[in-house]
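Only one structure is covered here, and it is reproduced in the block below.
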Amino acid sequence: MARMTANPTRSPLVSAADLREELTGPLPPVLLDVRWQLGGPNLRPAYEAGHLPNAVYVDLDSELAGQAGSGGRHPLPDPEEFGAVMRRAGVSSDTPVVVYDGGLGWAAARAWWLLRWTGHPRVRVLDGGLAAWQAGDGPLSAEVTPVSEGDFKPNPGAIGLLDADGAAALARTGVLLDARAGERYRGEVEPIDPVGGHIPGALSAPTTENTGSDGLLLDRAALRTRFEGLGVHADTATPVGVYCGSGVSGAHEVLALAAAGIPAALYAGSWSEWSADPTREVAVGELPG
């Protein structure tokens, strides 16, 4: 497992106000619109109706994930295919990138995580997404602007990635956080995957609790307090991992941890992969198991 070193001076987020300023500067970031809804239709029509000027639409299901199967509902895409998608979107290795979605932040975090994992050094998430941009009177455009192809070449392994065995081991030797809703962790309901419950030893940490009512991530101090309550401290070397249902909302929790200055690995297959194998143990209830 690659280990990411947290950089306390570089935030993985950018505010709507700061992004507006950067877009008029000498090196404006490439903008990726990754609006998405679980189980819903492709949101390209929403993008075409209005998006941040010069943003390029990227579809999570077909471009930020591989084909669903034994590896989960949203397994990682082939790195070379992902690299080709990013180049078509105008991404280069030496150009900053900002990703955004409709406001929930999960899809944007997935794109952020993939770019970080494949070695891009300058990618951030628009805090609050499209809603924050519009709340700050940011302009929208219905024009689909052609972009010049970028030169980004993926180099996987820049930040931590877990497989099923690695997640199970980390639950015993470090801290493994379950980013799903608490009722799914406890096994009370399971609307999508074949079995309810959680990976034995994992702690419930719904990623929805990392944001405020305004849709923005909590500030650094509040995030640190939240994670310290789960046994995760920025000043220790305890390894941290995150999983969710299929590796999307879990990426948002990794983003929140990064905003708190805490490196964490993602179990990309997550519960959709874990629960598909009947030989793997499942815990239920409030306790880690």
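In the structure tokens, chains take letters A, B, ... by order of appearance, with residues numbered from 1 within each chain and ligands from 1 in the order shown.
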### Query
Residues at most 8 Å from region 135-137 of chain A, counting only C-alpha atoms, excluding those fewer than 3 positions away in the same chain, as a list in words?
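The neighbour list is Ala16, Ala17, Ala131 and Ala132 of chain A.
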Same residues, C-alpha atoms, saved as a compact mmCIF listing (two decimals), in the first residue's frame:
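What follows is the written file part_39.txt:
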# COMPACT_ATOMS: atom_id res chain seq x y z
CA ALA A 16 -15.74 29.41 -5.14
CA ALA A 17 -14.34 32.91 -4.53
CA ALA A 131 -24.25 25.15 -5.50
CA ALA A 132 -21.43 27.12 -3.88
Wanna dump the region 243-278 of chain A-region 152-171 of chain A contacts at 8 Å for me, each residue with its shortest atom pair and the distance in Å to one decimal, counting only C-alpha atoms, ordered by chain and number, as a tab-separated table?
residue	atom	partner	partner_atom	distance
A:Ala264	CA	A:Gly160	CA	6.5
A:Ala265	CA	A:Gly160	CA	4.0
A:Leu266	CA	A:Leu161	CA	5.0
A:Tyr267	CA	A:Leu162	CA	4.4
A:Ala268	CA	A:Leu162	CA	6.9
A:Gly269	CA	A:Asp163	CA	7.0
A:Ser270	CA	A:Ala164	CA	7.8
A:Glu273	CA	A:Ala164	CA	7.8
A:Trp274	CA	A:Ala164	CA	6.5
Export of prior selection with N, CA, C and O atoms as a short mmCIF file (atom, residue, chain, number, x, y, z; two decimals), in the first residue's frame:
data_model
loop_
_atom_site.label_atom_id
_atom_site.label_comp_id
_atom_site.auth_asym_id
_atom_site.auth_seq_id
_atom_site.Cartn_x
_atom_site.Cartn_y
_atom_site.Cartn_z
N ALA A 264 -4.85 8.93 4.13
CA ALA A 264 -5.66 7.72 4.26
C ALA A 264 -5.69 6.99 2.94
O ALA A 264 -5.63 7.59 1.87
N ALA A 265 -5.80 5.67 3.02
CA ALA A 265 -5.93 4.82 1.84
C ALA A 265 -7.40 4.52 1.58
O ALA A 265 -8.23 4.54 2.50
N LEU A 266 -7.74 4.25 0.35
CA LEU A 266 -9.11 3.93 -0.05
C LEU A 266 -9.20 2.46 -0.43
O LEU A 266 -8.40 1.96 -1.23
N TYR A 267 -10.18 1.76 0.14
CA TYR A 267 -10.51 0.42 -0.34
C TYR A 267 -11.53 0.62 -1.46
O TYR A 267 -12.71 0.81 -1.22
N ALA A 268 -11.05 0.61 -2.69
CA ALA A 268 -11.88 1.00 -3.83
C ALA A 268 -13.03 0.02 -4.08
O ALA A 268 -14.13 0.44 -4.45
N GLY A 269 -12.80 -1.26 -3.89
CA GLY A 269 -13.87 -2.23 -4.09
C GLY A 269 -14.99 -2.08 -3.09
O GLY A 269 -16.16 -2.31 -3.39
N SER A 270 -14.63 -1.69 -1.88
CA SER A 270 -15.55 -1.38 -0.79
C SER A 270 -16.56 -2.50 -0.53
O SER A 270 -16.32 -3.66 -0.84
N GLU A 273 -17.69 -5.08 -3.20
CA GLU A 273 -16.79 -6.19 -3.48
C GLU A 273 -16.76 -7.15 -2.30
O GLU A 273 -16.85 -8.37 -2.47
N TRP A 274 -16.62 -6.60 -1.09
CA TRP A 274 -16.51 -7.44 0.10
C TRP A 274 -17.71 -8.37 0.24
O TRP A 274 -17.57 -9.58 0.45
#
### Query
Quick one, how far is CA of Asp61 (chain A) from CA of Ser246 (chain A)?
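Between CA of Asp61 (chain A) and CA of Ser246 (chain A) the gap is 11.3 Å.
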### Query
From the set A:Gly105, A:Gly250, A:Pro146, A:Gly231, which residue has the shortest atom-to-atom contact distance to Trp271 (chain A), counting only C-alpha atoms?
A:Gly250
### Task
Name all residues at most 12 Å from Ala55 (chain A) (count only C-alpha atoms; drop same-chain ones fewer than 3 positions away) and give them as a ChimeraX atom specification.
/A:23,28-35,44,47-48,50-52,58,89-91,97-101,130,139-147
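Near Val175 (chain A), within 8 Å and counting only C-alpha atoms, sit Leu170, Ala171, Arg172, Ala202, Leu203, Gly231, Val232, Thr238, Pro239, Val240 and Gly241 of chain A, not including residues fewer than 3 positions from it in the same chain.
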Keeping only N, CA, C and O atoms, take the residues you just selected and write them out as a CSV table (one decimal), in the first residue's frame.
chain,number,residue,atom,x,y,z
A,170,LEU,N,-6.0,-3.9,7.9
A,170,LEU,CA,-5.9,-2.6,8.5
A,170,LEU,C,-7.0,-2.4,9.6
A,170,LEU,O,-6.7,-1.7,10.6
A,171,ALA,N,-8.1,-3.1,9.5
A,171,ALA,CA,-9.1,-3.0,10.6
A,171,ALA,C,-8.6,-3.6,11.9
A,171,ALA,O,-9.0,-3.2,12.9
A,172,ARG,N,-7.6,-4.5,11.8
A,172,ARG,CA,-7.0,-5.0,13.0
A,172,ARG,C,-5.7,-4.3,13.5
A,172,ARG,O,-5.5,-4.2,14.7
A,202,ALA,N,-14.1,-2.5,11.5
A,202,ALA,CA,-14.3,-1.2,11.0
A,202,ALA,C,-15.1,-0.3,11.9
A,202,ALA,O,-16.0,-0.8,12.6
A,203,LEU,N,-14.9,1.0,11.9
A,203,LEU,CA,-15.7,2.0,12.7
A,203,LEU,C,-16.6,2.7,11.8
A,203,LEU,O,-16.3,3.1,10.6
A,231,GLY,N,-10.4,8.0,16.9
A,231,GLY,CA,-9.1,7.4,17.1
A,231,GLY,C,-8.1,7.7,16.0
A,231,GLY,O,-7.0,7.1,15.9
A,232,VAL,N,-8.4,8.7,15.2
A,232,VAL,CA,-7.5,9.1,14.1
A,232,VAL,C,-6.9,10.4,14.5
A,232,VAL,O,-7.6,11.4,14.6
A,238,THR,N,-0.4,6.1,12.9
A,238,THR,CA,-1.4,5.0,12.7
A,238,THR,C,-2.0,5.0,11.3
A,238,THR,O,-2.5,6.0,10.9
A,239,PRO,N,-1.9,3.9,10.6
A,239,PRO,CA,-2.4,3.9,9.2
A,239,PRO,C,-4.0,4.0,9.3
A,239,PRO,O,-4.6,3.4,10.1
A,240,VAL,N,-4.5,4.7,8.3
A,240,VAL,CA,-6.0,4.9,8.2
A,240,VAL,C,-6.4,4.4,6.8
A,240,VAL,O,-5.8,4.7,5.8
A,241,GLY,N,-7.6,3.8,6.8
A,241,GLY,CA,-8.2,3.4,5.5
A,241,GLY,C,-9.7,3.7,5.6
A,241,GLY,O,-10.3,3.9,6.6
### Task
Could you give me the residues within region 65-235 of chain A that DSSP places in alpha helix (DSSP H), as number ranges by chain?
A: 79-88, 106-117, 129-135, 164-173, 182-186, 220-228
### Query
In terms of the shortest atom-to-atom distance over only C-alpha atoms, which of A:Ser70, A:Asn42, A:Ser204, A:Ser15 is closest to Tyr57 (chain A)?
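The closest residue to Tyr57 (chain A) is A:Asn42.
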### Query
Which of these residues is nearest to Ala259 (chain A), using only C-alpha atoms: A:Val14, A:Leu43, A:Val189, A:Leu27?
A:Val14
